[in-house]
file data_10.txt (compact mmCIF, C-alpha atoms)
# COMPACT_ATOMS: atom_id res chain seq x y z
CA MET A 189 0.00 0.00 0.00
CA THR A 190 1.32 3.43 -0.98
CA GLN A 191 1.84 5.68 2.02
CA ASN A 192 0.42 9.16 2.10
CA ILE A 193 0.77 12.35 4.09
CA VAL A 194 -2.24 13.19 6.23
CA VAL A 195 -3.18 16.80 6.99
CA ALA A 196 -5.72 17.65 9.69
CA TYR A 197 -7.77 20.46 8.20
CA ASP A 198 -10.62 22.68 9.37
CA GLY A 199 -10.22 25.81 7.26
CA SER A 200 -8.55 27.83 10.01
CA GLU A 201 -5.37 29.83 9.48
CA HIS A 202 -3.35 27.30 11.45
CA SER A 203 -4.68 24.32 9.53
CA GLU A 204 -4.01 26.26 6.33
CA ARG A 205 -0.33 26.41 7.32
CA ALA A 206 -0.44 22.70 8.05
CA LEU A 207 -1.82 22.17 4.55
CA ASP A 208 1.04 24.23 3.09
CA TRP A 209 3.55 22.12 5.04
CA GLY A 210 1.87 18.92 3.88
CA ILE A 211 1.90 20.05 0.24
CA ALA A 212 5.61 20.90 0.42
CA ASP A 213 6.37 17.56 2.10
CA SER A 214 4.31 15.68 -0.50
CA LEU A 215 6.29 17.30 -3.29
CA GLU A 216 9.58 16.53 -1.53
CA ARG A 217 8.75 12.88 -0.89
CA GLN A 218 6.57 12.32 -3.98
CA LEU A 219 3.71 11.01 -1.84
CA PRO A 220 -0.03 11.66 -2.23
CA LEU A 221 -1.85 13.89 0.24
CA LYS A 222 -4.88 12.91 2.32
CA ILE A 223 -6.74 15.87 3.81
CA VAL A 224 -8.95 14.93 6.76
CA LEU A 225 -11.94 16.92 8.03
CA SER A 226 -13.96 15.92 11.07
CA THR A 227 -17.50 17.23 11.43
CA GLY A 228 -17.52 16.33 15.12
CA ARG A 229 -19.88 14.17 17.10
CA GLN A 230 -23.64 14.48 16.80
CA THR A 231 -24.97 17.02 19.27
CA GLY A 232 -27.87 16.57 21.65
CA LEU A 233 -30.16 18.73 19.52
CA ASP A 234 -33.64 17.50 18.69
CA GLN A 235 -33.43 15.40 15.52
CA SER A 236 -35.79 17.73 13.67
CA LEU A 237 -33.33 20.56 14.32
CA TYR A 238 -30.12 18.54 13.99
CA GLY A 239 -30.97 17.35 10.49
CA ALA A 240 -30.82 20.87 9.06
CA PHE A 241 -27.72 21.64 11.14
CA ALA A 242 -25.96 18.49 9.95
CA ASP A 243 -26.80 19.28 6.32
CA ALA A 244 -25.34 22.79 6.67
CA LEU A 245 -22.24 21.41 8.37
CA GLN A 246 -21.75 18.81 5.65
CA GLU A 247 -22.14 21.47 2.97
CA GLU A 248 -19.54 23.70 4.62
CA SER A 249 -17.15 20.75 5.03
CA GLU A 250 -17.50 19.85 1.37
CA ARG A 251 -16.74 23.44 0.42
CA LEU A 252 -13.60 23.47 2.57
CA ALA A 253 -12.56 20.07 1.24
CA LYS A 254 -12.93 21.17 -2.37
CA ARG A 255 -10.87 24.30 -1.73
CA ALA A 256 -8.09 22.36 0.03
CA VAL A 257 -7.87 19.69 -2.68
CA GLU A 258 -7.78 22.32 -5.43
CA LYS A 259 -4.95 24.11 -3.64
CA ALA A 260 -2.94 20.88 -3.40
CA LYS A 261 -3.57 19.90 -7.02
CA THR A 262 -2.62 23.38 -8.24
CA ALA A 263 0.73 22.86 -6.51
CA GLY A 264 1.18 19.56 -8.38
CA VAL A 265 0.20 17.17 -5.58
CA THR A 266 -2.14 14.20 -5.89
CA ALA A 267 -4.74 14.82 -3.19
CA GLN A 268 -8.01 13.54 -1.80
CA CYS A 269 -10.18 14.69 1.09
CA ILE A 270 -11.95 12.54 3.68
CA ILE A 271 -14.90 13.96 5.63
CA GLU A 272 -15.93 11.96 8.69
CA ARG A 273 -18.24 12.45 11.63
CA GLY A 274 -16.75 11.71 15.03
CA ASP A 275 -14.23 12.80 17.60
CA ALA A 276 -11.58 14.83 15.79
CA ALA A 277 -8.58 13.09 17.39
CA GLY A 278 -10.06 9.65 16.80
CA VAL A 279 -10.81 10.42 13.16
CA ILE A 280 -7.30 11.69 12.50
CA VAL A 281 -5.62 8.75 14.23
CA TYR A 282 -7.80 6.26 12.34
CA GLU A 283 -7.25 7.86 8.93
CA SER A 284 -3.47 8.07 9.45
CA LYS A 285 -2.74 4.52 10.60
CA ASP A 286 -0.97 3.72 7.30
CA ALA A 287 0.42 7.24 6.67
CA ALA A 288 4.03 8.36 6.47
CA VAL A 289 3.28 11.34 8.72
CA VAL A 290 0.43 13.46 10.09
CA VAL A 291 0.62 17.27 9.89
CA MET A 292 -1.57 19.54 11.98
CA GLY A 293 -1.76 22.99 13.49
CA LYS A 294 -1.73 23.51 17.22
CA ARG A 295 -4.90 25.58 17.17
CA GLY A 296 -7.99 25.57 15.02
CA HIS A 297 -11.55 26.81 14.91
CA HIS A 298 -13.57 26.70 18.12
CA GLY A 299 -16.69 25.37 16.41
CA VAL A 300 -18.49 22.05 16.13
CA ARG A 301 -15.77 20.63 13.85
CA GLY A 302 -13.52 20.23 16.87
CA ARG A 303 -10.52 22.40 17.52
CA VAL A 304 -7.36 21.07 15.95
CA GLY A 305 -5.48 22.65 18.86
CA SER A 306 -7.49 20.75 21.44
CA VAL A 307 -6.68 17.41 19.83
CA SER A 308 -3.03 17.79 18.76
CA ALA A 309 -1.64 16.31 21.98
CA ALA A 310 -4.14 13.44 21.84
CA VAL A 311 -3.20 12.64 18.25
CA ALA A 312 0.52 12.80 19.08
CA ALA A 313 0.02 10.48 22.04
CA HIS A 314 -2.09 7.86 20.23
CA SER A 315 -0.84 7.97 16.64
CA SER A 316 1.12 5.00 15.33
CA VAL A 317 3.01 7.27 12.91
CA PRO A 318 5.04 10.50 13.38
CA VAL A 319 3.00 13.67 13.91
CA VAL A 320 4.25 17.14 12.92
CA ILE A 321 2.62 19.92 14.94
CA LEU A 322 2.97 23.55 13.90
CA PRO A 323 2.69 25.91 16.90
CA GLU A 324 0.54 29.00 16.73
CA SER A 325 3.59 31.22 17.33
CA TRP A 326 5.62 29.71 14.47
CA LYS A 327 6.74 32.40 12.05
CA PRO A 328 9.62 31.00 9.96
CA ASP A 329 10.53 34.42 8.56
CA GLU A 330 10.79 35.97 12.04
CA ARG A 331 12.91 33.41 13.85
CA GLU A 332 15.43 34.51 16.44
CA THR A 333 18.95 34.95 15.07
CA ARG A 334 21.98 33.82 17.03
CA PRO A 335 25.74 33.63 16.38
CA GLU A 336 27.21 30.58 14.68
CA GLY A 337 27.73 27.87 17.26
CA GLU A 338 24.61 28.93 19.16
CA THR A 339 22.01 28.69 16.41
CA PHE A 340 20.18 25.67 15.02
CA ALA A 341 19.08 27.39 11.80
CA GLY A 342 18.83 24.88 8.97
CA CYS A 343 18.80 22.00 11.45
CA VAL A 344 16.56 19.16 12.51
CA VAL A 345 17.22 18.93 16.25
CA VAL A 346 16.87 15.64 18.11
CA GLY A 347 17.78 14.93 21.72
CA VAL A 348 19.48 11.65 22.59
CA ASP A 349 19.62 9.68 25.83
CA LYS A 350 20.95 6.28 26.84
CA LEU A 351 18.82 4.61 24.18
CA GLY A 352 20.90 6.22 21.44
CA THR A 353 19.77 5.10 17.99
CA GLU A 354 17.47 2.51 19.58
CA ASN A 355 15.08 5.42 20.09
CA PRO A 356 13.02 5.51 16.85
CA ALA A 357 12.85 9.32 17.07
CA VAL A 358 16.57 9.55 16.37
CA THR A 359 16.44 7.53 13.14
CA VAL A 360 13.27 9.30 11.97
CA ALA A 361 14.94 12.67 12.56
CA ALA A 362 18.00 11.59 10.57
CA ARG A 363 15.88 10.33 7.68
CA TYR A 364 13.87 13.56 7.60
CA ALA A 365 17.04 15.68 7.58
CA ALA A 366 18.57 13.56 4.81
CA ASP A 367 15.39 13.65 2.68
CA HIS A 368 15.02 17.43 3.03
CA GLY A 369 18.66 18.48 2.69
CA LEU A 370 18.91 19.72 6.28
CA THR A 371 21.61 19.28 8.92
CA LEU A 372 20.90 16.91 11.78
CA ALA A 373 21.76 18.37 15.19
CA VAL A 374 22.27 15.59 17.73
CA VAL A 375 22.01 17.09 21.20
CA SER A 376 22.26 15.91 24.78
CA VAL A 377 21.35 17.85 27.90
CA VAL A 378 23.26 17.85 31.19
CA PRO A 379 22.02 19.45 34.42
CA THR A 380 23.39 22.74 35.65
CA THR A 381 25.48 22.89 38.82
CA GLY A 382 23.42 25.43 40.70
CA TYR A 383 23.43 23.18 43.74
CA LEU A 384 27.15 23.79 44.35
CA PRO A 385 28.38 26.27 47.01
CA VAL A 386 28.72 29.91 45.99
CA ASN A 387 32.17 31.02 44.77
CA SER A 388 33.19 27.49 43.80
CA TYR A 389 34.02 28.20 40.16
CA GLU A 390 36.77 25.60 39.87
CA LEU A 391 34.60 22.92 41.45
CA GLU A 392 31.73 23.87 39.16
CA MET A 393 33.92 23.60 36.07
CA ALA A 394 35.26 20.22 37.20
CA VAL A 395 31.76 18.84 37.77
CA GLN A 396 30.54 20.22 34.45
CA GLU A 397 33.41 18.56 32.63
CA GLN A 398 32.57 15.25 34.29
CA LEU A 399 28.97 15.63 33.14
CA LYS A 400 29.72 16.89 29.66
CA ALA A 401 32.40 14.39 28.65
CA PRO A 402 30.14 11.30 28.49
CA ALA A 403 27.31 13.37 26.97
CA GLN A 404 29.59 14.61 24.21
CA GLN A 405 30.84 11.07 23.63
CA LEU A 406 27.24 9.87 23.34
CA THR A 407 26.23 12.52 20.80
CA GLU A 408 29.33 11.92 18.67
CA SER A 409 28.81 8.15 18.74
CA VAL A 410 25.17 8.52 17.66
CA ALA A 411 26.08 11.02 14.91
CA GLU A 412 28.78 8.70 13.55
CA GLU A 413 26.36 5.77 13.46
CA LEU A 414 23.74 7.84 11.63
CA ARG A 415 26.24 9.10 9.04
CA GLY A 416 26.99 5.46 8.27
CA GLU A 417 23.29 4.71 7.81
CA PHE A 418 22.56 7.89 5.83
CA PRO A 419 25.53 8.66 3.54
CA GLY A 420 25.85 12.36 2.83
CA LEU A 421 23.96 13.38 5.98
CA GLU A 422 25.48 16.47 7.60
CA THR A 423 25.53 16.34 11.39
CA VAL A 424 26.53 18.57 14.27
CA THR A 425 26.65 17.66 17.94
CA ARG A 426 25.94 19.87 20.91
CA VAL A 427 25.79 19.40 24.67
CA LEU A 428 23.25 21.74 26.26
CA GLU A 429 22.81 22.65 29.91
CA GLY A 430 19.71 22.85 32.07
CA ARG A 431 16.43 20.96 32.26
CA PRO A 432 15.90 18.83 29.12
CA ALA A 433 12.54 20.41 28.24
CA ASP A 434 13.84 23.96 28.74
CA ALA A 435 16.97 23.28 26.68
CA LEU A 436 14.98 21.78 23.80
CA VAL A 437 12.43 24.60 23.82
CA ASP A 438 15.31 27.08 23.69
CA ALA A 439 16.75 25.17 20.70
CA SER A 440 13.36 25.41 18.99
CA ARG A 441 13.70 29.19 18.79
CA THR A 442 16.13 28.82 15.87
CA ALA A 443 15.58 25.24 14.64
CA ASP A 444 13.73 24.25 11.47
CA LEU A 445 12.24 21.19 13.18
CA LEU A 446 12.47 19.63 16.63
CA VAL A 447 11.99 15.86 16.93
CA VAL A 448 11.00 14.11 20.16
CA GLY A 449 9.76 10.65 21.06
CA THR A 450 6.57 9.94 22.93
CA ARG A 451 8.70 8.39 25.65
CA GLY A 452 12.39 8.27 26.40
CA TYR A 453 14.71 6.36 28.70
CA GLY A 454 13.14 5.89 32.10
CA GLY A 455 9.53 6.49 31.00
CA PHE A 456 6.86 5.08 33.28
CA ARG A 457 4.83 2.15 31.98
CA GLY A 458 1.40 3.28 30.85
CA LEU A 459 2.32 6.88 30.07
CA LEU A 460 1.67 7.71 26.41
CA MET A 461 3.63 10.95 26.47
CA GLY A 462 6.72 11.59 28.58
CA SER A 463 7.02 14.77 30.62
CA VAL A 464 9.73 16.22 28.36
CA SER A 465 7.69 15.64 25.20
CA GLN A 466 4.60 17.17 26.78
CA ALA A 467 6.52 20.26 27.94
CA VAL A 468 8.17 20.70 24.53
CA LEU A 469 4.84 20.37 22.75
CA ALA A 470 3.33 23.02 25.00
CA ASP A 471 6.09 25.64 24.64
CA THR A 472 7.92 25.02 21.37
CA GLU A 473 8.45 27.86 18.92
CA SER A 474 9.34 25.64 15.96
CA PRO A 475 7.41 22.78 14.38
CA VAL A 476 7.72 19.59 16.43
CA MET A 477 7.64 16.04 15.15
CA VAL A 478 6.46 13.57 17.78
CA VAL A 479 7.57 10.03 16.98
CA PRO A 480 5.89 7.02 18.61
CA THR A 481 8.51 5.17 20.65
CA ALA A 482 6.21 2.60 22.26
CA LYS A 483 3.09 0.69 21.29
CA ASN A 484 0.46 3.36 21.83
call {"tool": "encode", "arguments": {"input": "data_10.txt", "output": "structure tokens"}}
result
Amino acid sequence: MTQNIVVAYDGSEHSERALDWGIADSLERQLPLKIVLSTGRQTGLDQSLYGAFADALQEESERLAKRAVEKAKTAGVTAQCIIERGDAAGVIVYESKDAAVVVMGKRGHHGVRGRVGSVSAAVAAHSSVPVVILPESWKPDERETRPEGETFAGCVVVGVDKLGTENPAVTVAARYAADHGLTLAVVSVVPTTGYLPVNSYELEMAVQEQLKAPAQQLTESVAEELRGEFPGLETVTRVLEGRPADALVDASRTADLLVVGTRGYGGFRGLLMGSVSQAVLADTESPVMVVPTAKN
């Protein structure tokens, strides 16, 4: 079965940007596009009233679907649109079970269709395929600029832990970077030494070196392994300081894409989304790809 790229669409500005991303990705990967609209669950209105309401909702959905498909086809993409009644998150997860990736905005309309923003975390947690979420604040032409060595411009950023390349998010990030001509930034995060006594600069530096050395070794080992798997892939490695979520959110201010797994090393059984992934999804300033790392 040929894979496709699924876009969650509701006609809002944010879903329109998701559609643009999906169209660009479809052209890059030469994959067809599936645009998914959910009309929401049936309300508790009297059936005599709901019938007319449902007809109007279906008519509006068909209008939006036609417009979205025409936009994709004008760009040279093979596209179809699926309109389904039901919970928005459930519809998107169901329609994307065989997809290459799902693309959605973080916020959408606040109407009966179901807000894309209210379901993005649910889709990311339950999807069996990677989900790209575009934050409301994302403005690619207004990204923060930083000096070389501090910026992640032109990079797909992925954090690594003890799992290394056994974490599916790492390989997916590398493949995306290779397919889109971007640099892969392999990063690790070490804690700060704020717990040390005041005026203990030499001790602080010694502790930081002890923390950074194995982290740097880990990132370089992972990068080397990925270069072997993806010839021609450009990589950089970086060891960041602070809380993992804070460090990754800071990286998102200049990155092209941030990739996280639903769970990392040490995740608790039964949790669909780890605390770091949840925090990143809430505060990121760049698009985030959430990759399933467990059977959801």
call {"tool": "atom_distance", "arguments": {"input": "data_10.txt", "atom1": "CA of Leu225 (chain A)", "atom2": "CA of Gln466 (chain A)"}}
result
25.0 Å
call {"tool": "residues_around", "arguments": {"input": "data_10.txt", "residues": "Asp471 (chain A)", "least_positions_apart": "2", "cutoff": "12 Å", "atoms": "all atoms listed in the file", "output": "PDB file with C-alpha atoms, in the frame of the given file"}}
result
ATOM      1  CA  LYS A 294      -1.730  23.510  17.220  1.00  0.00           C
ATOM      2  CA  ILE A 321       2.620  19.920  14.940  1.00  0.00           C
ATOM      3  CA  LEU A 322       2.970  23.550  13.900  1.00  0.00           C
ATOM      4  CA  PRO A 323       2.690  25.910  16.900  1.00  0.00           C
ATOM      5  CA  GLU A 324       0.540  29.000  16.730  1.00  0.00           C
ATOM      6  CA  SER A 325       3.590  31.220  17.330  1.00  0.00           C
ATOM      7  CA  TRP A 326       5.620  29.710  14.470  1.00  0.00           C
ATOM      8  CA  ALA A 433      12.540  20.410  28.240  1.00  0.00           C
ATOM      9  CA  ASP A 434      13.840  23.960  28.740  1.00  0.00           C
ATOM     10  CA  ALA A 435      16.970  23.280  26.680  1.00  0.00           C
ATOM     11  CA  LEU A 436      14.980  21.780  23.800  1.00  0.00           C
ATOM     12  CA  VAL A 437      12.430  24.600  23.820  1.00  0.00           C
ATOM     13  CA  ASP A 438      15.310  27.080  23.690  1.00  0.00           C
ATOM     14  CA  ALA A 439      16.750  25.170  20.700  1.00  0.00           C
ATOM     15  CA  SER A 440      13.360  25.410  18.990  1.00  0.00           C
ATOM     16  CA  ARG A 441      13.700  29.190  18.790  1.00  0.00           C
ATOM     17  CA  LEU A 446      12.470  19.630  16.630  1.00  0.00           C
ATOM     18  CA  VAL A 464       9.730  16.220  28.360  1.00  0.00           C
ATOM     19  CA  SER A 465       7.690  15.640  25.200  1.00  0.00           C
ATOM     20  CA  GLN A 466       4.600  17.170  26.780  1.00  0.00           C
ATOM     21  CA  ALA A 467       6.520  20.260  27.940  1.00  0.00           C
ATOM     22  CA  VAL A 468       8.170  20.700  24.530  1.00  0.00           C
ATOM     23  CA  LEU A 469       4.840  20.370  22.750  1.00  0.00           C
ATOM     24  CA  GLU A 473       8.450  27.860  18.920  1.00  0.00           C
ATOM     25  CA  SER A 474       9.340  25.640  15.960  1.00  0.00           C
ATOM     26  CA  PRO A 475       7.410  22.780  14.380  1.00  0.00           C
ATOM     27  CA  VAL A 476       7.720  19.590  16.430  1.00  0.00           C
TER      28      VAL A 476
END
call {"tool": "closest_residue", "arguments": {"input": "data_10.txt", "among": "A:Glu204, A:Asp444, A:Glu258, A:Glu216", "to": "Leu370 (chain A)", "atoms": "all atoms listed in the file"}}
result
A:Asp444
call {"tool": "residues_near_point", "arguments": {"input": "data_10.txt", "point": "(2.0, 7.3, 16.2)", "cutoff": "9 Å", "atoms": "only C-alpha atoms", "output": "PyMOL selection string"}}
result
chain A and resi 281+284-285+289-290+311-319+450+478-484
call {"tool": "write_last_selection", "arguments": {"input": "data_10.txt", "atoms": "C-alpha atoms", "output": "tab-separated table (two decimals), in the frame of the given file"}}
result
chain	number	residue	atom	x	y	z
A	281	VAL	CA	-5.62	8.75	14.23
A	284	SER	CA	-3.47	8.07	9.45
A	285	LYS	CA	-2.74	4.52	10.60
A	289	VAL	CA	3.28	11.34	8.72
A	290	VAL	CA	0.43	13.46	10.09
A	311	VAL	CA	-3.20	12.64	18.25
A	312	ALA	CA	0.52	12.80	19.08
A	313	ALA	CA	0.02	10.48	22.04
A	314	HIS	CA	-2.09	7.86	20.23
A	315	SER	CA	-0.84	7.97	16.64
A	316	SER	CA	1.12	5.00	15.33
A	317	VAL	CA	3.01	7.27	12.91
A	318	PRO	CA	5.04	10.50	13.38
A	319	VAL	CA	3.00	13.67	13.91
A	450	THR	CA	6.57	9.94	22.93
A	478	VAL	CA	6.46	13.57	17.78
A	479	VAL	CA	7.57	10.03	16.98
A	480	PRO	CA	5.89	7.02	18.61
A	481	THR	CA	8.51	5.17	20.65
A	482	ALA	CA	6.21	2.60	22.26
A	483	LYS	CA	3.09	0.69	21.29
A	484	ASN	CA	0.46	3.36	21.83
call {"tool": "closest_residue", "arguments": {"input": "data_10.txt", "among": "A:Ser463, A:Thr353, A:Gln191, A:Thr442", "to": "Ala411 (chain A)", "atoms": "only C-alpha atoms"}}
result
A:Thr353
